[in-house]
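**Student:** coords-v2.txt (compact mmCIF, C-alpha atoms and all ligand atoms) pasted underneath:
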```txt
# COMPACT_ATOMS: atom_id res chain seq x y z
CA MET O 1 172.79 99.28 66.42
CA ASP O 2 173.82 95.81 67.51
CA ARG O 3 171.12 93.26 68.20
CA ILE O 4 171.30 89.86 69.84
CA PRO O 5 170.36 87.25 67.21
CA ILE O 6 167.23 85.20 67.86
CA LEU O 7 167.12 81.72 66.32
CA LYS O 8 163.79 80.16 65.38
CA MET O 9 163.60 76.40 65.88
CA GLY O 10 160.13 75.11 65.09
CA ASP O 11 157.77 76.55 67.66
CA CYS O 12 160.63 77.69 69.90
CA LEU O 13 162.99 80.66 69.94
CA LEU O 14 166.60 80.35 70.99
CA VAL O 15 168.84 83.15 72.23
CA THR O 16 172.45 83.07 73.34
CA ILE O 17 173.44 86.02 75.47
CA GLN O 18 177.12 86.85 75.17
CA VAL O 19 179.60 88.31 77.60
CA ASP O 20 179.36 91.90 78.77
CA MET O 21 176.02 92.97 77.50
CA HIS O 22 175.44 96.66 77.02
CA ASP O 23 172.28 97.90 78.80
CA GLN O 24 170.60 99.03 75.58
CA LEU O 25 171.25 95.63 74.05
CA ALA O 26 169.32 94.01 76.90
CA VAL O 27 166.39 96.34 76.33
CA SER O 28 166.29 95.64 72.58
CA LEU O 29 166.45 91.91 73.20
CA GLN O 30 163.37 92.15 75.38
CA GLU O 31 161.51 94.02 72.64
CA ASP O 32 162.72 91.76 69.82
CA LEU O 33 161.79 88.59 71.69
CA THR O 34 158.29 89.79 72.48
CA ALA O 35 157.75 90.78 68.85
CA GLN O 36 158.96 87.41 67.57
CA ILE O 37 156.97 85.35 70.04
CA ALA O 38 153.85 87.14 68.82
CA LYS O 39 154.82 86.94 65.15
CA TYR O 40 155.57 83.19 65.11
CA ALA O 41 153.15 82.22 67.88
CA SER O 42 156.14 80.58 69.57
CA ARG O 43 155.43 78.27 72.50
CA GLY O 44 158.90 78.19 74.05
CA VAL O 45 161.85 80.52 74.60
CA LEU O 46 165.28 79.24 75.54
CA ILE O 47 167.85 81.72 76.79
CA ASP O 48 171.37 80.41 77.11
CA ILE O 49 173.64 82.44 79.42
CA SER O 50 176.55 80.01 79.67
CA THR O 51 179.00 82.64 78.38
CA LEU O 52 177.62 85.41 80.58
CA GLU O 53 180.17 86.40 83.23
CA ILE O 54 177.83 88.35 85.47
CA VAL O 55 174.13 88.86 86.00
CA ASP O 56 173.43 92.10 87.84
CA SER O 57 170.03 93.42 88.89
CA PHE O 58 169.54 95.06 85.50
CA ILE O 59 170.07 91.89 83.48
CA GLY O 60 168.24 89.87 86.14
CA ARG O 61 165.23 92.13 85.80
CA MET O 62 165.36 91.79 82.02
CA LEU O 63 165.38 87.99 82.29
CA ALA O 64 162.43 88.07 84.69
CA ASN O 65 160.58 90.46 82.35
CA ILE O 66 161.14 88.20 79.37
CA ALA O 67 159.78 85.22 81.29
CA ALA O 68 156.72 87.17 82.42
CA MET O 69 155.98 88.59 78.98
CA SER O 70 156.42 85.20 77.35
CA ARG O 71 153.91 83.76 79.76
CA VAL O 72 151.34 86.39 78.78
CA LEU O 73 151.97 85.49 75.14
CA ASP O 74 151.45 81.79 75.90
CA ALA O 75 155.12 80.78 75.75
CA GLN O 76 157.36 79.12 78.35
CA THR O 77 160.87 80.39 79.12
CA VAL O 78 163.82 78.28 80.19
CA LEU O 79 167.16 79.77 81.23
CA THR O 80 170.17 77.53 80.61
CA GLY O 81 173.84 77.35 81.51
CA MET O 82 174.13 79.80 84.37
CA GLN O 83 177.68 79.55 85.74
CA PRO O 84 177.90 78.55 89.42
CA ALA O 85 179.81 81.73 90.33
CA VAL O 86 177.06 83.78 88.70
CA ALA O 87 174.33 81.88 90.54
CA ILE O 88 176.07 82.32 93.92
CA THR O 89 176.54 86.05 93.32
CA LEU O 90 172.98 86.53 92.13
CA VAL O 91 171.55 85.06 95.33
CA GLU O 92 173.79 87.24 97.49
CA LEU O 93 172.79 90.27 95.46
CA GLY O 94 169.23 89.49 96.49
CA MET O 95 167.73 88.15 93.27
CA SER O 96 166.29 84.66 93.33
CA LEU O 97 164.86 84.55 89.79
CA SER O 98 162.48 82.05 91.37
CA GLY O 99 159.86 82.58 88.65
CA ILE O 100 162.18 81.33 85.91
CA LYS O 101 162.71 77.69 85.02
CA THR O 102 166.34 76.68 84.59
CA ALA O 103 168.27 73.83 83.04
CA LEU O 104 171.92 72.81 83.05
CA ASN O 105 172.52 73.18 79.32
CA VAL O 106 170.79 73.89 76.02
CA GLU O 107 170.04 70.23 75.35
CA ARG O 108 168.31 69.73 78.71
CA GLY O 109 166.58 73.07 78.27
CA MET O 110 165.11 72.04 74.93
CA GLU O 111 163.90 68.76 76.45
CA LEU O 112 162.24 70.67 79.25
CA LEU O 113 160.50 73.02 76.81
CA ARG O 114 159.29 70.09 74.67
CA GLN O 115 157.86 68.51 77.79
CA TYR O 116 156.03 71.67 78.89
CA ILE O 117 154.61 72.30 75.45
CA GLN O 118 153.40 68.71 75.17
CA GLU O 119 151.82 68.80 78.61
CA GLU O 120 150.03 72.01 77.80
CA ASN O 121 148.80 70.62 74.49
CA GLU O 122 147.42 67.50 76.16
CA TYR O 123 145.72 69.59 78.80
CA ARG O 124 144.03 71.70 76.17
CA GLU O 125 143.01 68.99 73.74
CA PRO O 126 140.05 67.25 75.45
CA ASP O 127 137.55 70.10 74.99
CA GLY O 128 139.79 72.46 73.05
CA SER O 129 139.61 75.12 75.72
CA GLU O 130 142.34 76.66 77.83
CA GLU O 131 142.64 76.23 81.57
CA MET T 132 198.62 101.41 101.76
CA VAL T 133 197.87 102.08 98.11
CA LEU T 134 200.12 100.10 95.78
CA LYS T 135 198.77 101.52 92.53
CA SER T 136 195.74 103.35 91.24
CA ASP T 137 193.90 104.48 88.15
CA VAL T 138 190.80 106.57 87.33
CA HIS T 139 188.16 105.80 84.71
CA PRO T 140 185.25 107.94 83.51
CA ILE T 141 181.64 106.76 83.84
CA LYS T 142 179.80 108.91 81.33
CA SER T 143 178.00 106.40 79.11
CA ALA T 144 176.63 102.86 79.16
CA ASP T 145 179.78 101.83 77.28
CA ASP T 146 181.84 103.11 80.21
CA VAL T 147 179.81 100.86 82.54
CA VAL T 148 180.88 97.87 80.44
CA ARG T 149 184.47 99.16 80.43
CA VAL T 150 184.78 99.65 84.21
CA ARG T 151 183.38 96.15 84.74
CA GLN T 152 186.30 94.87 82.65
CA VAL T 153 188.74 97.01 84.64
CA ALA T 154 187.45 95.58 87.94
CA ARG T 155 187.78 92.07 86.48
CA GLN T 156 191.40 92.69 85.41
CA TRP T 157 192.46 94.10 88.78
CA ALA T 158 190.80 91.24 90.64
CA ALA T 159 192.37 88.67 88.32
CA GLU T 160 195.78 90.25 88.80
CA LEU T 161 195.49 89.54 92.54
CA LYS T 162 194.38 86.00 91.67
CA PHE T 163 190.91 86.36 93.19
CA SER T 164 188.85 83.17 92.91
CA LEU T 165 186.24 83.16 90.16
CA VAL T 166 183.45 83.63 92.69
CA ASP T 167 185.24 86.61 94.29
CA GLN T 168 185.90 88.14 90.87
CA THR T 169 182.25 87.70 89.95
CA LYS T 170 181.10 89.35 93.18
CA LEU T 171 183.39 92.36 92.69
CA VAL T 172 182.45 92.78 89.02
CA THR T 173 178.73 92.51 89.81
CA ALA T 174 179.03 95.16 92.55
CA THR T 175 180.97 97.32 90.08
CA SER T 176 178.19 97.00 87.55
CA GLU T 177 175.56 98.07 90.08
CA LEU T 178 177.52 101.03 91.44
CA ALA T 179 178.73 102.26 88.04
CA ARG T 180 175.16 102.21 86.76
CA ASN T 181 174.09 104.23 89.80
CA THR T 182 176.87 106.75 89.12
CA LEU T 183 175.67 107.06 85.54
CA GLU T 184 171.92 107.04 86.02
CA HIS T 185 171.31 108.53 89.45
CA GLY T 186 174.52 110.57 89.75
CA LYS T 187 174.48 111.91 86.15
CA GLY T 188 177.95 110.53 85.47
CA GLY T 189 181.24 110.53 87.33
CA THR T 190 184.35 108.42 87.79
CA MET T 191 185.59 105.14 89.19
CA ARG T 192 188.95 105.09 90.93
CA VAL T 193 190.53 101.66 91.14
CA GLU T 194 193.31 100.91 93.61
CA GLN T 195 195.32 97.93 94.70
CA VAL T 196 195.53 98.25 98.46
CA GLU T 197 197.52 96.47 101.13
CA ASN T 198 196.73 95.96 104.78
CA GLY T 199 199.39 93.93 106.56
CA PRO T 200 199.64 90.67 104.68
CA ARG T 201 196.37 91.22 102.81
CA ARG T 202 195.90 92.72 99.40
CA GLY T 203 192.67 93.86 97.88
CA VAL T 204 190.94 95.95 95.27
CA ARG T 205 189.37 99.23 96.35
CA LEU T 206 186.89 100.93 94.05
CA THR T 207 185.59 104.46 94.55
CA PHE T 208 182.57 105.65 92.58
CA GLU T 209 182.20 109.40 92.64
CA ASP T 210 179.71 111.80 91.10
CA ASN T 211 178.54 115.39 91.50
CA GLY T 212 174.89 114.51 91.05
CA PRO T 213 171.85 115.20 93.22
CA GLY T 214 173.08 113.15 96.19
CA ILE T 215 171.06 110.78 98.35
CA PRO T 216 168.85 112.55 100.89
CA ASN T 217 168.24 109.47 103.04
CA ILE T 218 171.10 106.95 102.87
CA GLU T 219 169.56 104.53 105.34
CA ARG T 220 166.45 104.25 103.21
CA ALA T 221 168.45 103.98 99.96
CA LEU T 222 170.30 101.01 101.49
CA GLN T 223 167.09 99.06 102.02
CA ASP T 224 166.44 96.11 99.71
CA GLY T 225 163.92 97.13 97.09
CA TYR T 226 164.07 100.89 97.64
CA THR T 227 164.25 102.74 94.34
CA THR T 228 163.43 106.19 93.04
CA GLY T 229 164.06 105.22 89.46
CA GLY T 230 162.00 102.16 88.63
CA GLY T 231 164.92 99.78 89.21
CA LEU T 232 164.87 96.78 91.53
CA GLY T 233 166.44 98.72 94.39
CA LEU T 234 169.08 96.05 94.93
CA GLY T 235 172.12 97.95 93.68
CA LEU T 236 173.30 99.52 96.94
CA SER T 237 172.06 96.87 99.37
CA GLY T 238 173.15 94.03 97.11
CA SER T 239 176.63 95.33 96.37
CA LYS T 240 177.15 95.92 100.08
CA ARG T 241 176.62 92.17 100.58
CA LEU T 242 179.05 91.33 97.78
CA VAL T 243 182.10 93.10 99.22
CA ASN T 244 184.09 93.14 102.47
CA GLU T 245 183.99 96.88 103.06
CA PHE T 246 181.37 99.37 101.98
CA GLU T 247 181.20 103.07 102.66
CA ILE T 248 178.82 105.65 101.28
CA LYS T 249 179.02 109.43 101.58
CA SER T 250 176.47 111.72 100.08
CA GLU T 251 175.36 115.28 100.34
CA ALA T 252 172.15 116.61 98.85
CA GLY T 253 172.95 118.72 95.78
CA ARG T 254 176.66 117.90 96.03
CA GLY T 255 177.05 114.33 94.94
CA THR T 256 177.72 110.80 96.10
CA THR T 257 180.84 108.74 96.80
CA VAL T 258 180.66 104.99 97.32
CA THR T 259 183.84 103.12 98.29
CA ILE T 260 184.11 99.34 98.35
CA ILE T 261 186.94 96.91 99.09
CA ARG T 262 187.13 93.24 98.32
CA TRP T 263 190.09 91.55 100.03
CA LYS T 264 191.87 88.57 98.56
N1 LIG O 301 175.03 107.88 92.85
C1 LIG O 301 173.80 108.16 93.25
N2 LIG O 301 173.32 109.45 93.22
C2 LIG O 301 172.07 109.74 93.63
N3 LIG O 301 171.20 108.82 94.11
C3 LIG O 301 171.59 107.53 94.16
C4 LIG O 301 172.91 107.14 93.75
N4 LIG O 301 173.02 105.81 93.95
C5 LIG O 301 171.83 105.40 94.45
N5 LIG O 301 170.97 106.43 94.58
C6 LIG O 301 169.60 106.37 95.13
O1 LIG O 301 169.44 105.18 95.88
C7 LIG O 301 168.37 104.40 95.34
C8 LIG O 301 168.68 102.93 95.48
O2 LIG O 301 169.76 102.58 94.62
P1 LIG O 301 169.88 101.07 94.13
O3 LIG O 301 169.86 100.21 95.35
O4 LIG O 301 171.03 100.94 93.23
O5 LIG O 301 168.52 100.82 93.36
P2 LIG O 301 168.07 101.26 91.88
O6 LIG O 301 169.27 101.75 91.17
O7 LIG O 301 167.50 100.01 91.29
O8 LIG O 301 167.04 102.33 92.07
C9 LIG O 301 168.20 104.87 93.91
O9 LIG O 301 166.92 104.65 93.40
C10 LIG O 301 168.55 106.36 94.04
O10 LIG O 301 167.45 107.08 94.51
MG MG O 302 171.06 100.82 91.08
```
Please lay out the structure from this file as structure tokens.
**Tutor:**
Amino acid sequence: MDRIPILKMGDCLLVTIQVDMHDQLAVSLQEDLTAQIAKYASRGVLIDISTLEIVDSFIGRMLANIAAMSRVLDAQTVLTGMQPAVAITLVELGMSLSGIKTALNVERGMELLRQYIQEENEYREPDGSEE
Amino acid sequence: MVLKSDVHPIKSADDVVRVRQVARQWAAELKFSLVDQTKLVTATSELARNTLEHGKGGTMRVEQVENGPRRGVRLTFEDNGPGIPNIERALQDGYTTGGGLGLGLSGSKRLVNEFEIKSEAGRGTTVTIIRWK
């Protein structure tokens, strides 16, 4: 079966979601990402949806799930490149995706992730403990 | 008045992808704006998934319709599944019997100009939407 490729870049994972995603593909992506975050102890996940023509409640829920699961596994998620028409439609559909951080493009998204990871590292360093 | 029409099966997840593309093509043919196309295709995705998952499969009829000077795309999703016992409740944001987000019916209603739902317990469900140009 088809899988969406996941790119490893240092301590981050990068995914580009393409047009017209089949439901099962979305489910496998969720599973694959979780497995890889755990395997590589990744700290950041960037999901680029600039070529995605729609986000319905199914894909929206998958994106929210990925962000929530990443958080549990100590990784941050940033969503990049959402087309304006998609964003407008998503709000009217009733999904705010308010729990997910967004950035305009992949470059900005990577910057944002770097920043979060650095801030978290600094916060942890003084006594080596978390939160 | 119906200018032309076509029927497509919704029997698999692949068909859901396919009918989304059909809705896109028919909206593009009428030169819908990108936002209007996106709204219609998103509603199509929600309703086709309902036909497949809740209605156990069915069809989508697509029509180009005309009302005076206006043209639009009318989509009819039909299945012979279990039906919806309480339509009012099913139309509430967040109501789901299947572990979804419960935004498919209520959300697609907001995304189109006309929305009609008919359902009979044990007989099936028909949802008709129109997006005008
Ligand atoms: N075609 C259908 N046949 C039977 N029941 C349906 C159909 N469409 C919707 N429903 C019912 O209405 C509820 C709400 O639908 P929807 O708003 O799309 O939310 P979701 O699909 O996330 O559950 C569904 O959970 C289901 O019980
Ligand atoms: Mg639904």
**Student:** Could you check which of O:Ala68, O:Asp56, O:Arg114, O:Gln76 is closest to ligand LIG 301 (chain O), using only C-alpha atoms and all ligand atoms?
**Tutor:**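 Of O:Ala68, O:Asp56, O:Arg114, O:Gln76, the one nearest ligand LIG 301 (chain O), counting only C-alpha atoms and all ligand atoms, is O:Asp56.
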**Student:** Tell me the residues of chain O close to chain T, meaning within 9 Å using all atoms listed in the file, as a list in words.
**Tutor:**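 Applying the cut-off to the listed atoms yields Asp20, Met21, His22, Asp23, Gln24, Glu53, Ile54, Val55, Asp56, Ser57, Phe58, Arg61, Pro84, Ala85, Val86, Ile88, Thr89, Leu90, Glu92, Leu93, Gly94 and Met95 of chain O.
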**Student:** Looking at T:Pro140, T:Gly199, T:Gly189, T:Pro213, which one is nearest to ligand LIG 301 (chain O), with distances taken over all atoms listed in the file?
**Tutor:**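 With all atoms listed in the file as the atom set, the closest residue is T:Pro213.
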**Student:** For atom CA of O:Leu25 and atom CA of O:Ile49, determine how far apart the two atoms are, in Å to one decimal place.
**Tutor:** 14.4 Å
**Student:** Counting only C-alpha atoms, figure out which residue out of O:Ala64, O:Val78, O:Ala103, O:Ala38 gets nearest to O:Ile117.
**Tutor:**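 Looking at the shortest contact to O:Ile117, the residue is O:Val78.
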**Student:** What box, with edges along x, y and z, holds each listed atom of stretch 148-158 of chain T when 6 Å is added on every side, and can you state its centre and edge lengths in Å to one decimal, as AutoDock Vina command-line options?
**Tutor:**
```
--center_x 186.7 --center_y 95.4 --center_z 85.5 --size_x 23.6 --size_y 20.4 --size_z 22.2
```
**Student:** Identify which of the residues O:Val106, O:Leu79, O:Met69, O:Ile47 lies closest to O:Glu31, counting only C-alpha atoms when measuring atom-to-atom distances.
**Tutor:**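 Using only C-alpha atoms, the shortest distance to O:Glu31 belongs to O:Met69.
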**Student:** Would you pick out the contacts of T:Ile218 at 12 Å or less, using all atoms listed in the file, so that residues sharing its chain but fewer than 5 positions from it are not included, and give the list as a ChimeraX atom specification?
**Tutor:** /T:223,226-227,236-237,247-252,256-258
**Student:** Please indicate the distance in Å from atom CA of T:Glu194 to atom CA of T:Asn181, rounded to one decimal place.
**Tutor:**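 Those two atoms sit 19.9 Å apart.
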**Student:** What is the atom CA of O:Val15 to atom CA of O:Leu29 distance in Å?
**Tutor:** 9.1 Å
**Student:** Write out as a list in words which residues come within 6 Å of O:Cys12 when counting all atoms listed in the file, dropping same-chain ones fewer than 2 positions away.
**Tutor:**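 In the requested form, the answer reads Met9, Gly10, Ser42, Arg43, Gly44 and Val45 of chain O.
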**Student:** With distances taken over all atoms listed in the file, which of T:Phe208, T:Leu161, T:Gly230, T:Lys135 is nearest to ligand MG 302 (chain O)?
**Tutor:** T:Gly230
**Student:** Using all atoms listed in the file for the distances, tell me which of O:Pro126, O:Glu120, O:Glu111, O:Ile59 is nearest to ligand LIG 301 (chain O).
**Tutor:**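 Ranked by minimum distance to ligand LIG 301 (chain O), first place goes to O:Ile59.
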**Student:** If we count all atoms listed in the file, what is near O:Ala35 at a cut-off of 12 Å, once residues fewer than 4 positions away on the same chain are taken out, given as a ChimeraX atom specification?
**Tutor:** /O:6,13,28-31,39-42,66,69-70,73
**Student:** Residues within 8 Å of T:Glu197, please, as a compact mmCIF listing (two decimals) with C-alpha atoms, in the coordinates of the input. Count only C-alpha atoms; anything in the same chain fewer than 4 positions from it doesn't count.
**Tutor:**
```txt
# COMPACT_ATOMS: atom_id res chain seq x y z
CA MET T 132 198.62 101.41 101.76
CA VAL T 133 197.87 102.08 98.11
CA LEU T 134 200.12 100.10 95.78
CA ARG T 201 196.37 91.22 102.81
CA ARG T 202 195.90 92.72 99.40
CA GLY T 203 192.67 93.86 97.88
```
